[in-house]
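Here's the structure, in C-alpha cells; my notes come after.
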Amino acid sequence: MKSVVPAPHRAILRTIAAIPRGCVACYGEIAARAGVPRGARLVGRVLREADPALDLPWQRVLRADGRIAFPSGSRAHREQCRRLRAEGVVVVHGRVDLARFGWQRNLDRELWSLPHA
DNA sequence: ACATTGACTCGCG
DNA sequence: GCGCGAGCCAATG
C-alpha cells in the first residue's frame, strides 16, 4: 500500500532533519530546499502535526526575519529559545541573526521575488 | 463547491 | 517597531 503521507510532506521532514546543529533556517527556505516553492505554510503545518518521536530539530525553524514563530511569552517560545541556546545559537529578544546562524541565507530571495526588477 | 484557518512572507504606511 | 492587506497553499468544516 502506498504511503498515506504525500511526497512534499516527506521531503520537508527530511529537509528539517538535515539542518545542521547550531544553524537555523526559515520556513520558506526549507520549503524551497525540499522542492516545494512557496510552501512556507506547508512547512508550518508539517511541523505542527509531526510525530514527536521523530525528534525533529524543530527549534531550528524560524520566520523569514529570524524571529521565533510562536508568540513571545508562550511556553513554546521559551522552549525554543532554550533549545537554541543549548546548541550555541545566540537568541536576542526572541530573534536570531540569520547572517550569522542562517543555513541558506540567500537562496530565499531568488525564489520569492521573480520579476527581479 | 465555498469559507475559514494557519509554527508563512512581503510591501507599504 | 507595529499593524494591515494581499498572495500563498493544504487541511477542515
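Chain identifiers are assigned as A, B, and so on, following the order in which chains appear in the C-alpha cells; residues are numbered from 1 within each chain, and ligands are numbered from 1 in order of appearance.
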
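Within 7 Å of region 3-13 of chain B, once only C-alpha atoms (C1' of nucleotides) are used and residues closer than 3 positions along the same chain are dropped, the contacting residues are Tyr27, Ala40, Arg41, Gly44, Leu47, Arg48, Ala69 and Phe70 of chain A.
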
Residue subset to file, keeping all heavy atoms, as an mmCIF file, in the first residue's frame:
data_model
loop_
_atom_site.group_PDB
_atom_site.id
_atom_site.type_symbol
_atom_site.label_atom_id
_atom_site.label_comp_id
_atom_site.auth_asym_id
_atom_site.auth_seq_id
_atom_site.Cartn_x
_atom_site.Cartn_y
_atom_site.Cartn_z
ATOM 1 N N TYR A 27 11.136 29.154 7.245
ATOM 2 C CA TYR A 27 10.132 28.279 6.654
ATOM 3 C C TYR A 27 10.241 28.220 5.134
ATOM 4 O O TYR A 27 10.223 27.139 4.540
ATOM 5 C CB TYR A 27 8.731 28.739 7.071
ATOM 6 C CG TYR A 27 8.469 28.552 8.536
ATOM 7 C CD1 TYR A 27 8.841 29.530 9.448
ATOM 8 C CD2 TYR A 27 7.883 27.390 9.022
ATOM 9 C CE1 TYR A 27 8.621 29.357 10.813
ATOM 10 C CE2 TYR A 27 7.652 27.201 10.378
ATOM 11 C CZ TYR A 27 8.027 28.187 11.268
ATOM 12 O OH TYR A 27 7.815 28.009 12.607
ATOM 13 N N ALA A 40 5.974 27.636 2.409
ATOM 14 C CA ALA A 40 6.289 28.008 3.796
ATOM 15 C C ALA A 40 5.194 27.576 4.768
ATOM 16 O O ALA A 40 5.464 27.015 5.826
ATOM 17 C CB ALA A 40 6.507 29.513 3.892
ATOM 18 N N ARG A 41 3.970 27.818 4.387
ATOM 19 C CA ARG A 41 2.859 27.485 5.285
ATOM 20 C C ARG A 41 2.743 25.992 5.456
ATOM 21 O O ARG A 41 2.303 25.504 6.500
ATOM 22 C CB ARG A 41 1.559 28.054 4.742
ATOM 23 C CG ARG A 41 1.665 29.525 4.446
ATOM 24 C CD ARG A 41 0.310 30.142 4.289
ATOM 25 N NE ARG A 41 -0.254 30.347 5.585
ATOM 26 C CZ ARG A 41 -0.935 31.428 5.938
ATOM 27 N NH1 ARG A 41 -1.155 32.375 5.074
ATOM 28 N NH2 ARG A 41 -1.403 31.544 7.136
ATOM 29 N N GLY A 44 5.019 24.826 8.151
ATOM 30 C CA GLY A 44 4.434 25.057 9.468
ATOM 31 C C GLY A 44 3.444 23.963 9.820
ATOM 32 O O GLY A 44 3.433 23.453 10.936
ATOM 33 N N LEU A 47 5.220 20.666 10.615
ATOM 34 C CA LEU A 47 5.842 20.686 11.932
ATOM 35 C C LEU A 47 4.824 20.497 13.038
ATOM 36 O O LEU A 47 5.036 19.783 13.994
ATOM 37 C CB LEU A 47 6.570 22.015 12.134
ATOM 38 C CG LEU A 47 8.011 22.074 11.634
ATOM 39 C CD1 LEU A 47 8.556 23.465 11.799
ATOM 40 C CD2 LEU A 47 8.857 21.070 12.379
ATOM 41 N N ARG A 48 3.698 21.153 12.876
ATOM 42 C CA ARG A 48 2.668 21.074 13.905
ATOM 43 C C ARG A 48 2.145 19.649 14.064
ATOM 44 O O ARG A 48 1.842 19.197 15.157
ATOM 45 C CB ARG A 48 1.502 22.003 13.546
ATOM 46 C CG ARG A 48 0.422 22.033 14.603
ATOM 47 C CD ARG A 48 -0.517 23.224 14.412
ATOM 48 N NE ARG A 48 -1.190 23.212 13.140
ATOM 49 C CZ ARG A 48 -2.378 22.639 12.923
ATOM 50 N NH1 ARG A 48 -2.991 22.032 13.898
ATOM 51 N NH2 ARG A 48 -2.924 22.698 11.743
ATOM 52 N N ALA A 69 8.552 31.869 15.657
ATOM 53 C CA ALA A 69 7.176 31.964 15.164
ATOM 54 C C ALA A 69 6.138 32.052 16.268
ATOM 55 O O ALA A 69 5.099 32.679 16.084
ATOM 56 C CB ALA A 69 6.880 30.778 14.243
ATOM 57 N N PHE A 70 6.421 31.469 17.397
ATOM 58 C CA PHE A 70 5.435 31.476 18.486
ATOM 59 C C PHE A 70 5.383 32.840 19.162
ATOM 60 O O PHE A 70 6.370 33.561 19.193
ATOM 61 C CB PHE A 70 5.802 30.426 19.525
ATOM 62 C CG PHE A 70 5.846 29.034 18.978
ATOM 63 C CD1 PHE A 70 7.060 28.382 18.815
ATOM 64 C CD2 PHE A 70 4.680 28.380 18.609
ATOM 65 C CE1 PHE A 70 7.107 27.091 18.305
ATOM 66 C CE2 PHE A 70 4.722 27.089 18.094
ATOM 67 C CZ PHE A 70 5.937 26.443 17.939
#

Output as a PDB file with N, CA and C atoms (P, O5', C5', C4', C3', O3' and C1' of nucleotides), in the first residue's frame the set of chain C residues within 7 Å of chain A, with distances taken over only C-alpha atoms (C1' of nucleotides).
ATOM      1  P    DC C   8      -0.631  34.368  -5.691  1.00  0.00           P
ATOM      2  O5'  DC C   8      -0.239  33.298  -4.570  1.00  0.00           O
ATOM      3  C5'  DC C   8       1.090  33.213  -4.115  1.00  0.00           C
ATOM      4  C4'  DC C   8       1.200  32.223  -2.967  1.00  0.00           C
ATOM      5  C3'  DC C   8       0.377  30.951  -3.201  1.00  0.00           C
ATOM      6  O3'  DC C   8       1.221  29.920  -3.694  1.00  0.00           O
ATOM      7  C1'  DC C   8       0.144  31.787  -0.948  1.00  0.00           C
ATOM      8  P    DC C   9       0.500  28.747  -4.542  1.00  0.00           P
ATOM      9  O5'  DC C   9       0.179  27.638  -3.452  1.00  0.00           O
ATOM     10  C5'  DC C   9       1.173  27.223  -2.545  1.00  0.00           C
ATOM     11  C4'  DC C   9       0.554  26.340  -1.480  1.00  0.00           C
ATOM     12  C3'  DC C   9      -0.531  25.405  -2.018  1.00  0.00           C
ATOM     13  O3'  DC C   9      -0.421  24.142  -1.389  1.00  0.00           O
ATOM     14  C1'  DC C   9      -1.367  26.650  -0.237  1.00  0.00           C
ATOM     15  P    DA C  10      -1.011  22.885  -2.161  1.00  0.00           P
ATOM     16  O5'  DA C  10      -1.466  21.973  -0.945  1.00  0.00           O
ATOM     17  C5'  DA C  10      -0.499  21.597   0.017  1.00  0.00           C
ATOM     18  C4'  DA C  10      -1.162  21.378   1.361  1.00  0.00           C
ATOM     19  C3'  DA C  10      -2.285  20.338   1.324  1.00  0.00           C
ATOM     20  O3'  DA C  10      -2.135  19.486   2.450  1.00  0.00           O
ATOM     21  C1'  DA C  10      -3.107  22.392   2.186  1.00  0.00           C
TER      22       DA C  10
END

Write out as a Markdown table a residue-level contact list of chain A versus chain B with cut-off 12 Å: for each qualifying residue the closest pair of atoms and the distance in Å to one decimal, counting only C-alpha atoms (C1' of nucleotides), rows sorted by chain and residue number upward.
| residue | atom | partner | partner_atom | distance |
| --- | --- | --- | --- | --- |
| A:Cys26 | CA | B:DC8 | C1' | 9.4 |
| A:Tyr27 | CA | B:DC8 | C1' | 6.9 |
| A:Gly28 | CA | B:DC8 | C1' | 7.4 |
| A:Glu29 | CA | B:DC8 | C1' | 10.9 |
| A:Ile30 | CA | B:DC8 | C1' | 11.6 |
| A:Ala31 | CA | B:DC8 | C1' | 10.6 |
| A:Arg38 | CA | B:DC8 | C1' | 8.9 |
| A:Gly39 | CA | B:DC8 | C1' | 8.3 |
| A:Ala40 | CA | B:DC8 | C1' | 5.1 |
| A:Arg41 | CA | B:DC8 | C1' | 4.8 |
| A:Leu42 | CA | B:DC8 | C1' | 8.4 |
| A:Val43 | CA | B:DA7 | C1' | 8.2 |
| A:Gly44 | CA | B:DA7 | C1' | 4.7 |
| A:Arg45 | CA | B:DA7 | C1' | 7.1 |
| A:Val46 | CA | B:DA7 | C1' | 9.0 |
| A:Leu47 | CA | B:DA7 | C1' | 6.8 |
| A:Arg48 | CA | B:DA7 | C1' | 6.4 |
| A:Glu49 | CA | B:DA7 | C1' | 10.1 |
| A:Ala50 | CA | B:DA7 | C1' | 11.4 |
| A:Trp58 | CA | B:DA7 | C1' | 9.2 |
| A:Gln59 | CA | B:DA7 | C1' | 10.1 |
| A:Arg60 | CA | B:DA7 | C1' | 11.5 |
| A:Val61 | CA | B:DA7 | C1' | 8.5 |
| A:Leu62 | CA | B:DA7 | C1' | 8.5 |
| A:Arg63 | CA | B:DC8 | C1' | 7.5 |
| A:Ala64 | CA | B:DT9 | C1' | 7.1 |
| A:Asp65 | CA | B:DT9 | C1' | 9.3 |
| A:Arg67 | CA | B:DA7 | C1' | 11.4 |
| A:Ile68 | CA | B:DA7 | C1' | 8.7 |
| A:Ala69 | CA | B:DA7 | C1' | 5.6 |
| A:Phe70 | CA | B:DA7 | C1' | 6.5 |
| A:Pro71 | CA | B:DA7 | C1' | 10.0 |
| A:Ala76 | CA | B:DA7 | C1' | 9.7 |
| A:His77 | CA | B:DA7 | C1' | 10.3 |
| A:Gln80 | CA | B:DA7 | C1' | 11.2 |
| A:Asp108 | CA | B:DT9 | C1' | 10.5 |
| A:Arg109 | CA | B:DT9 | C1' | 10.8 |
| A:Leu111 | CA | B:DT9 | C1' | 11.8 |
| A:Trp112 | CA | B:DT9 | C1' | 8.7 |
| A:Ser113 | CA | B:DC10 | C1' | 9.2 |

Next, the residues of the selection above should be written as a compact mmCIF listing (two decimals), in the first residue's frame with N, CA and C atoms.
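Saved result, again-v9.txt, follows:
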# COMPACT_ATOMS: atom_id res chain seq x y z
N CYS A 26 14.73 29.39 7.75
CA CYS A 26 13.37 29.91 7.79
C CYS A 26 12.44 28.98 7.01
N TYR A 27 11.14 29.15 7.24
CA TYR A 27 10.13 28.28 6.65
C TYR A 27 10.24 28.22 5.13
N GLY A 28 10.33 29.37 4.52
CA GLY A 28 10.39 29.42 3.06
C GLY A 28 11.63 28.75 2.51
N GLU A 29 12.68 28.89 3.24
CA GLU A 29 13.96 28.31 2.84
C GLU A 29 13.87 26.79 2.84
N ILE A 30 13.26 26.25 3.87
CA ILE A 30 13.09 24.81 3.98
C ILE A 30 12.22 24.29 2.86
N ALA A 31 11.13 25.02 2.60
CA ALA A 31 10.21 24.62 1.53
C ALA A 31 10.96 24.57 0.21
N ARG A 38 7.15 28.27 -2.43
CA ARG A 38 6.01 28.91 -1.78
C ARG A 38 5.31 27.97 -0.83
N GLY A 39 6.05 27.07 -0.25
CA GLY A 39 5.41 26.10 0.65
C GLY A 39 5.68 26.39 2.11
N ALA A 40 5.97 27.64 2.41
CA ALA A 40 6.29 28.01 3.80
C ALA A 40 5.19 27.58 4.77
N ARG A 41 3.97 27.82 4.39
CA ARG A 41 2.86 27.49 5.29
C ARG A 41 2.74 25.99 5.46
N LEU A 42 3.11 25.27 4.42
CA LEU A 42 3.05 23.82 4.48
C LEU A 42 4.06 23.33 5.50
N VAL A 43 5.22 23.96 5.53
CA VAL A 43 6.25 23.58 6.49
C VAL A 43 5.71 23.73 7.91
N GLY A 44 5.02 24.83 8.15
CA GLY A 44 4.43 25.06 9.47
C GLY A 44 3.44 23.96 9.82
N ARG A 45 2.64 23.60 8.86
CA ARG A 45 1.62 22.57 9.10
C ARG A 45 2.27 21.23 9.41
N VAL A 46 3.31 20.91 8.60
CA VAL A 46 4.01 19.64 8.79
C VAL A 46 4.62 19.57 10.19
N LEU A 47 5.22 20.67 10.61
CA LEU A 47 5.84 20.69 11.93
C LEU A 47 4.82 20.50 13.04
N ARG A 48 3.70 21.15 12.88
CA ARG A 48 2.67 21.07 13.91
C ARG A 48 2.14 19.65 14.06
N GLU A 49 2.05 18.95 12.95
CA GLU A 49 1.47 17.61 13.01
C GLU A 49 2.49 16.50 13.08
N ALA A 50 3.77 16.88 13.11
CA ALA A 50 4.82 15.86 13.11
C ALA A 50 4.82 15.03 14.39
N TRP A 58 13.04 20.95 15.47
CA TRP A 58 12.05 21.99 15.16
C TRP A 58 12.47 23.37 15.64
N GLN A 59 13.35 23.40 16.64
CA GLN A 59 13.76 24.69 17.17
C GLN A 59 14.60 25.47 16.18
N ARG A 60 15.10 24.80 15.15
CA ARG A 60 15.95 25.49 14.18
C ARG A 60 15.15 26.16 13.07
N VAL A 61 13.84 26.06 13.15
CA VAL A 61 12.99 26.66 12.12
C VAL A 61 12.41 27.99 12.60
N LEU A 62 12.78 29.05 11.89
CA LEU A 62 12.35 30.39 12.28
C LEU A 62 11.64 31.11 11.15
N ARG A 63 11.06 32.28 11.46
CA ARG A 63 10.43 33.09 10.42
C ARG A 63 11.49 33.72 9.56
N ALA A 64 11.05 34.30 8.45
CA ALA A 64 11.97 34.86 7.47
C ALA A 64 12.83 35.98 8.04
N ASP A 65 12.34 36.65 9.07
CA ASP A 65 13.09 37.75 9.66
C ASP A 65 13.96 37.29 10.83
N ARG A 67 12.85 35.76 13.52
CA ARG A 67 12.12 35.69 14.80
C ARG A 67 11.46 34.34 14.98
N ILE A 68 11.29 33.98 16.24
CA ILE A 68 10.61 32.75 16.57
C ILE A 68 9.13 32.91 16.24
N ALA A 69 8.55 31.87 15.66
CA ALA A 69 7.18 31.96 15.16
C ALA A 69 6.14 32.05 16.27
N PHE A 70 6.42 31.47 17.40
CA PHE A 70 5.43 31.48 18.49
C PHE A 70 5.38 32.84 19.16
N PRO A 71 4.23 33.17 19.71
CA PRO A 71 4.07 34.45 20.43
C PRO A 71 5.04 34.51 21.59
N ALA A 76 5.90 27.54 24.24
CA ALA A 76 6.68 27.06 23.10
C ALA A 76 7.83 28.01 22.76
N HIS A 77 7.55 29.29 22.90
CA HIS A 77 8.57 30.31 22.60
C HIS A 77 9.77 30.15 23.52
N GLN A 80 11.74 26.98 22.73
CA GLN A 80 12.55 27.08 21.52
C GLN A 80 13.83 27.87 21.80
N ASP A 108 16.62 32.05 -0.64
CA ASP A 108 15.32 32.60 -0.45
C ASP A 108 14.91 33.69 -1.42
N ARG A 109 15.69 34.71 -1.45
CA ARG A 109 15.34 35.89 -2.23
C ARG A 109 15.13 35.56 -3.70
N LEU A 111 14.07 32.84 -5.07
CA LEU A 111 12.85 32.10 -5.33
C LEU A 111 11.57 32.86 -5.06
N TRP A 112 11.65 33.87 -4.22
CA TRP A 112 10.41 34.55 -3.87
C TRP A 112 10.11 35.78 -4.70
N SER A 113 11.09 36.45 -5.16
CA SER A 113 10.82 37.64 -5.97
C SER A 113 11.27 37.42 -7.40

Point-to-point distance from CA of Arg100 (chain A) to CA of Cys23 (chain A), Å rounded to tenths: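 If I compute the distance from CA of Arg100 (chain A) to CA of Cys23 (chain A), I get 8.6 Å.
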
Looking only at the backbone, which of the residues in region 35-102 of chain A does DSSP tag as strand (DSSP E), as number ranges by chain? A: 61-62, 91-92, 95-96

Just to be explicit: take each residue in the selection above, keep C-alpha atoms, and write the result as an mmCIF file, in the first residue's frame.
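Saved file again.cif follows:
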data_model
loop_
_atom_site.group_PDB
_atom_site.id
_atom_site.type_symbol
_atom_site.label_atom_id
_atom_site.label_comp_id
_atom_site.auth_asym_id
_atom_site.auth_seq_id
_atom_site.Cartn_x
_atom_site.Cartn_y
_atom_site.Cartn_z
ATOM 1 C CA VAL A 61 12.989 26.658 12.120
ATOM 2 C CA LEU A 62 12.348 30.393 12.280
ATOM 3 C CA VAL A 91 18.931 34.479 20.649
ATOM 4 C CA VAL A 92 18.233 38.127 21.437
ATOM 5 C CA ARG A 95 15.399 36.733 17.487
ATOM 6 C CA VAL A 96 18.368 35.140 15.699
#

Neighbouring residues of Glu87 (chain A) were defined as those with any atom within 7 Å, considering only C-alpha atoms (C1' of nucleotides); residues of the same chain fewer than 3 positions away were excluded. Please report them as a list in words.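 The neighbour list is Arg21, Gly22, Arg83 and Leu84 of chain A.
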